[in-house]
Amino acid sequence: MKVTVIGTGYVGLVTGACLSEMGNHVVCLDVDPEKIRVLKEGGIPIYEPGLLEIVQRNAAGGRLEFTTDIEAAVAHGTIQFIAVGTPPDEDGSADLKYVLAAARNIGRTMTDFKVIVDKSTVPVGTGDKVQAAVQDELNKRGLKLDFAIASNPEFLKEGAAVADFMRPDRVVVGAEDERAILLMKALYAPFVRNHDRMMVMDVRSAEFTKYAANAMLATRISFMNELALVAEKLGADIELVRQGIGSDPRIGFHFLYAGCGYGGSCFPKDVKALVKTAADAGQPLELLQAVESVNDRQKQVLVDKVVARYGENLSGRTLAIWGLAFKPNTDDMRDAPSRVVIAELARRGAKLQAYDPVATHEAKRVLEGTPGLSYADSARAALEGADALVIVTEWKEFRTPDFDGLRDALADKTVFDGRNLYEPKLMKTLGIEYHGIGRT
Ligand code: NAI
């Protein structure tokens, strides 16, 4: 099938690459000429495991193309995916300017039937706005052309995006037009293998499903983070509590880890947007408002522990930081807890030596100008001359370090662990002063 993907970020590029892998002829459009240049030269502008190989293979096979040419891209696909960003507006609602610009570009240049599929995470009702924007452009051209609107929210996880897209838990399609439903079923058939995992619903329910999913996951995290703070006060171990409750199939083990807060490009903005949508609809989501404020507080929890240990003034202290990306296996720094941790520690005068396996380049961009912050080439090098270690992201390579070497490298033999990677009892035996989350 002929497919166009508008926006070649984390979602658009993965979508385009994985669809081309199944034999579709995909054209990826972006307004950012630098991204398209990198892609045309055989590279990828983001870090995502397994993505480069798929992009290169299908580009070489002529099934995956990249362009900044709107007219050519719109002319290509019967199915047009919109996968552009939907960042938060000042009031927290999702800013639809990129989505509606993409919709208008389609309306302005299309010459035949299109299925216009919204893959970006968008508030309920956006399907109608996309429909109106396309129709308005067609009216301006005095053209009567047929098109259908669909919603196809994306549930992939950064860091495992290719695997998630290739083997999705479910594919949600919101569409009322029969042709759109048939085309989407055909497009996704190789990924769902049977149609049980493809759910067709109305557009509004599909749009809402994405927000409901992210809100539920964020709620689990904030709930555990709040319980962790109580566990510390009561002398209980949140890790044991997690195992004790996760084994109940009604609860399950996923997303029950206490830590230093959730971040990334989705949870913070989607929680904000849903809070705003619900308030605007006259049905405020009190629980979700608390999820957000608990998370804001949780991003400070490592800083609080450092301050409790060393006092407010951190000048003269050197801290190693392990992990900058908002989670492992990505270079994404959007709303990463490390940004709060680093800003707060730097503000108090600490010298910071940070290491991340892949996000250093992105960190240098977003943390530019942070006083006292330098970057190390390895986890080990970050420890040199440091008083203590602060762990912010749970990269695998941090899980079982040379503990003796770690202890001996740190002047104060102290670890602040925002991801509960180590056993407090083992740390004690090794002579390491250990501060986890919700563990005593
Ligand atoms: P991103 O910021 O990585 O990529 C968006 C791309 O769209 C950029 O390359 C930008 O230059 C391009 N763009 C903007 N306006 C355009 C236009 N008019 N025409 C062509 N290209 C345009 O964003 P990301 O992370 O891929 O997210 C996209 C959407 O998917 C958002 O709504 C997000 O909430 C949602 N989403 C993101 C997930 C993630 O893990 N990143 C997971 C599931 C959904």
# chains A, B, ... in the order shown; residues from 1 in each chain; ligands from 1
call {"tool": "residues_around", "arguments": {"residues": "Asn152 in chain A", "least_positions_apart": "5", "cutoff": "6 Å", "atoms": "only C-alpha atoms", "output": "count of residues only"}}
result
4
call {"tool": "residues_around", "arguments": {"residues": "range 86-101 of chain A", "least_positions_apart": "3", "cutoff": "8 Å", "atoms": "only C-alpha atoms", "output": "MDAnalysis selection string"}}
result
chainID A and resid 82:83 104:105 120:123 129:130 133 269:270 272:274 276:277
call {"tool": "write_last_selection", "arguments": {"atoms": "C-alpha atoms", "output": "tab-separated table (two decimals), in the first residue's frame"}}
result
chain	number	residue	atom	x	y	z
A	82	ILE	CA	-0.23	12.66	11.00
A	83	ALA	CA	2.50	11.99	13.59
A	104	ARG	CA	-4.25	21.94	6.05
A	105	ASN	CA	-1.24	20.89	3.97
A	120	SER	CA	-0.41	12.04	17.36
A	121	THR	CA	-1.87	12.05	20.86
A	122	VAL	CA	-4.72	14.53	20.57
A	123	PRO	CA	-7.65	15.61	22.74
A	129	LYS	CA	-11.07	19.76	13.78
A	130	VAL	CA	-8.86	17.87	11.31
A	133	ALA	CA	-9.37	22.04	8.40
A	269	LYS	CA	2.04	16.49	28.89
A	270	ASP	CA	-0.78	13.96	28.46
A	272	LYS	CA	-1.76	17.91	31.95
A	273	ALA	CA	-3.84	17.86	28.79
A	274	LEU	CA	-6.40	15.42	30.19
A	276	LYS	CA	-7.43	20.51	31.22
A	277	THR	CA	-9.86	18.72	28.89
call {"tool": "closest_atom_pairs", "arguments": {"of": "chain A", "to": "ligand 1", "cutoff": "6 Å", "atoms": "only C-alpha atoms and all ligand atoms", "output": "JSON lines"}}
result
{"residue": "A:Ile6", "atom": "CA", "partner": "ligand 1", "partner_atom_place_in_ligand_line": "20 (C)", "distance": 4.7}
{"residue": "A:Gly7", "atom": "CA", "partner": "ligand 1", "partner_atom_place_in_ligand_line": "7 (O)", "distance": 3.4}
{"residue": "A:Thr8", "atom": "CA", "partner": "ligand 1", "partner_atom_place_in_ligand_line": "9 (O)", "distance": 4.7}
{"residue": "A:Gly9", "atom": "CA", "partner": "ligand 1", "partner_atom_place_in_ligand_line": "4 (O)", "distance": 3.2}
{"residue": "A:Tyr10", "atom": "CA", "partner": "ligand 1", "partner_atom_place_in_ligand_line": "26 (O)", "distance": 3.7}
{"residue": "A:Val11", "atom": "CA", "partner": "ligand 1", "partner_atom_place_in_ligand_line": "26 (O)", "distance": 3.8}
{"residue": "A:Gly12", "atom": "CA", "partner": "ligand 1", "partner_atom_place_in_ligand_line": "26 (O)", "distance": 5.6}
{"residue": "A:Leu29", "atom": "CA", "partner": "ligand 1", "partner_atom_place_in_ligand_line": "20 (C)", "distance": 5.4}
{"residue": "A:Asp30", "atom": "CA", "partner": "ligand 1", "partner_atom_place_in_ligand_line": "21 (N)", "distance": 3.6}
{"residue": "A:Val31", "atom": "CA", "partner": "ligand 1", "partner_atom_place_in_ligand_line": "21 (N)", "distance": 4.5}
{"residue": "A:Asp32", "atom": "CA", "partner": "ligand 1", "partner_atom_place_in_ligand_line": "11 (O)", "distance": 4.7}
{"residue": "A:Ala83", "atom": "CA", "partner": "ligand 1", "partner_atom_place_in_ligand_line": "28 (C)", "distance": 5.0}
{"residue": "A:Val84", "atom": "CA", "partner": "ligand 1", "partner_atom_place_in_ligand_line": "7 (O)", "distance": 3.6}
{"residue": "A:Gly85", "atom": "CA", "partner": "ligand 1", "partner_atom_place_in_ligand_line": "28 (C)", "distance": 4.1}
{"residue": "A:Thr86", "atom": "CA", "partner": "ligand 1", "partner_atom_place_in_ligand_line": "32 (O)", "distance": 4.3}
{"residue": "A:Tyr98", "atom": "CA", "partner": "ligand 1", "partner_atom_place_in_ligand_line": "15 (N)", "distance": 4.5}
{"residue": "A:Ala101", "atom": "CA", "partner": "ligand 1", "partner_atom_place_in_ligand_line": "18 (N)", "distance": 5.0}
{"residue": "A:Ala102", "atom": "CA", "partner": "ligand 1", "partner_atom_place_in_ligand_line": "18 (N)", "distance": 4.1}
{"residue": "A:Ser120", "atom": "CA", "partner": "ligand 1", "partner_atom_place_in_ligand_line": "32 (O)", "distance": 3.5}
{"residue": "A:Thr121", "atom": "CA", "partner": "ligand 1", "partner_atom_place_in_ligand_line": "32 (O)", "distance": 3.9}
{"residue": "A:Glu154", "atom": "CA", "partner": "ligand 1", "partner_atom_place_in_ligand_line": "43 (C)", "distance": 4.6}
{"residue": "A:Phe155", "atom": "CA", "partner": "ligand 1", "partner_atom_place_in_ligand_line": "43 (C)", "distance": 5.1}
{"residue": "A:Leu156", "atom": "CA", "partner": "ligand 1", "partner_atom_place_in_ligand_line": "42 (C)", "distance": 5.3}
{"residue": "A:Lys157", "atom": "CA", "partner": "ligand 1", "partner_atom_place_in_ligand_line": "40 (O)", "distance": 5.1}
{"residue": "A:Glu158", "atom": "CA", "partner": "ligand 1", "partner_atom_place_in_ligand_line": "40 (O)", "distance": 4.6}
{"residue": "A:Ser265", "atom": "CA", "partner": "ligand 1", "partner_atom_place_in_ligand_line": "41 (N)", "distance": 5.6}
{"residue": "A:Cys266", "atom": "CA", "partner": "ligand 1", "partner_atom_place_in_ligand_line": "34 (O)", "distance": 5.2}
call {"tool": "write_last_selection", "arguments": {"atoms": "C-alpha atoms", "output": "short mmCIF file (atom, residue, chain, number, x, y, z; two decimals), in the first residue's frame"}}
result
data_model
loop_
_atom_site.label_atom_id
_atom_site.label_comp_id
_atom_site.auth_asym_id
_atom_site.auth_seq_id
_atom_site.Cartn_x
_atom_site.Cartn_y
_atom_site.Cartn_z
CA ILE A 6 3.83 13.36 8.28
CA GLY A 7 6.38 14.04 11.04
CA THR A 8 9.47 11.88 11.39
CA GLY A 9 10.06 12.03 15.14
CA TYR A 10 10.05 9.05 17.50
CA VAL A 11 6.55 7.96 16.47
CA GLY A 12 6.53 8.94 12.79
CA LEU A 29 7.66 14.01 5.40
CA ASP A 30 9.17 16.46 7.86
CA VAL A 31 9.44 20.24 8.00
CA ASP A 32 12.88 19.93 9.60
CA ALA A 83 2.50 11.99 13.59
CA VAL A 84 3.63 15.48 14.54
CA GLY A 85 4.22 16.82 18.05
CA THR A 86 1.40 17.95 20.35
CA TYR A 98 1.28 21.23 14.14
CA ALA A 101 -0.97 22.64 9.88
CA ALA A 102 -0.38 19.09 8.63
CA SER A 120 -0.41 12.04 17.36
CA THR A 121 -1.87 12.05 20.86
CA GLU A 154 0.19 5.02 19.23
CA PHE A 155 1.09 2.98 22.32
CA LEU A 156 4.76 2.27 21.59
CA LYS A 157 7.32 2.85 24.32
CA GLU A 158 10.47 4.77 23.54
CA SER A 265 7.52 13.33 26.09
CA CYS A 266 4.18 11.73 26.95
#
call {"tool": "atom_distance", "arguments": {"atom1": "CA of Ala336 in chain A", "atom2": "CA of Ala160 in chain A"}}
result
17.5 Å
call {"tool": "residues_around", "arguments": {"residues": "range 309-324 of chain A", "least_positions_apart": "4", "cutoff": "6 Å", "atoms": "only C-alpha atoms", "output": "CSV table (one decimal) with C-alpha atoms, in the first residue's frame"}}
result
chain,number,residue,atom,x,y,z
A,338,SER,CA,17.5,14.6,35.6
A,348,ARG,CA,23.1,24.9,45.4
A,349,GLY,CA,26.7,25.1,44.2
A,350,ALA,CA,27.6,21.4,43.6
A,351,LYS,CA,30.1,20.4,41.0
A,352,LEU,CA,28.4,17.7,38.8
A,353,GLN,CA,30.0,15.0,36.7
A,354,ALA,CA,27.4,13.4,34.6
A,355,TYR,CA,27.4,10.2,32.5
A,356,ASP,CA,24.7,8.7,30.2
A,382,ALA,CA,32.1,10.1,36.4
A,383,LEU,CA,33.1,8.9,39.8
A,386,ALA,CA,33.4,12.7,43.4
A,387,ASP,CA,32.1,12.7,47.0
A,388,ALA,CA,28.9,10.8,46.3
A,389,LEU,CA,26.9,9.2,43.4
A,390,VAL,CA,23.4,10.2,42.4
A,391,ILE,CA,21.6,7.6,40.1
A,392,VAL,CA,18.8,9.1,38.1
A,393,THR,CA,18.2,6.6,35.2
call {"tool": "closest_residue", "arguments": {"among": "A:Val230, A:Ile149, A:Met166, A:Val358", "to": "Glu48 in chain A", "atoms": "only C-alpha atoms"}}
result
A:Val358
call {"tool": "select_by_dssp", "arguments": {"residues": "range 158-248 of chain A", "states": "helix (DSSP H, G or I)", "output": "MDAnalysis selection string"}}
result
chainID A and resid 161:166 178:192 195:197 203:234 238:246
call {"tool": "residues_around", "arguments": {"residues": "range 224-227 of chain A", "least_positions_apart": "3", "cutoff": "7 Å", "atoms": "only C-alpha atoms", "output": "count of residues only"}}
result
8
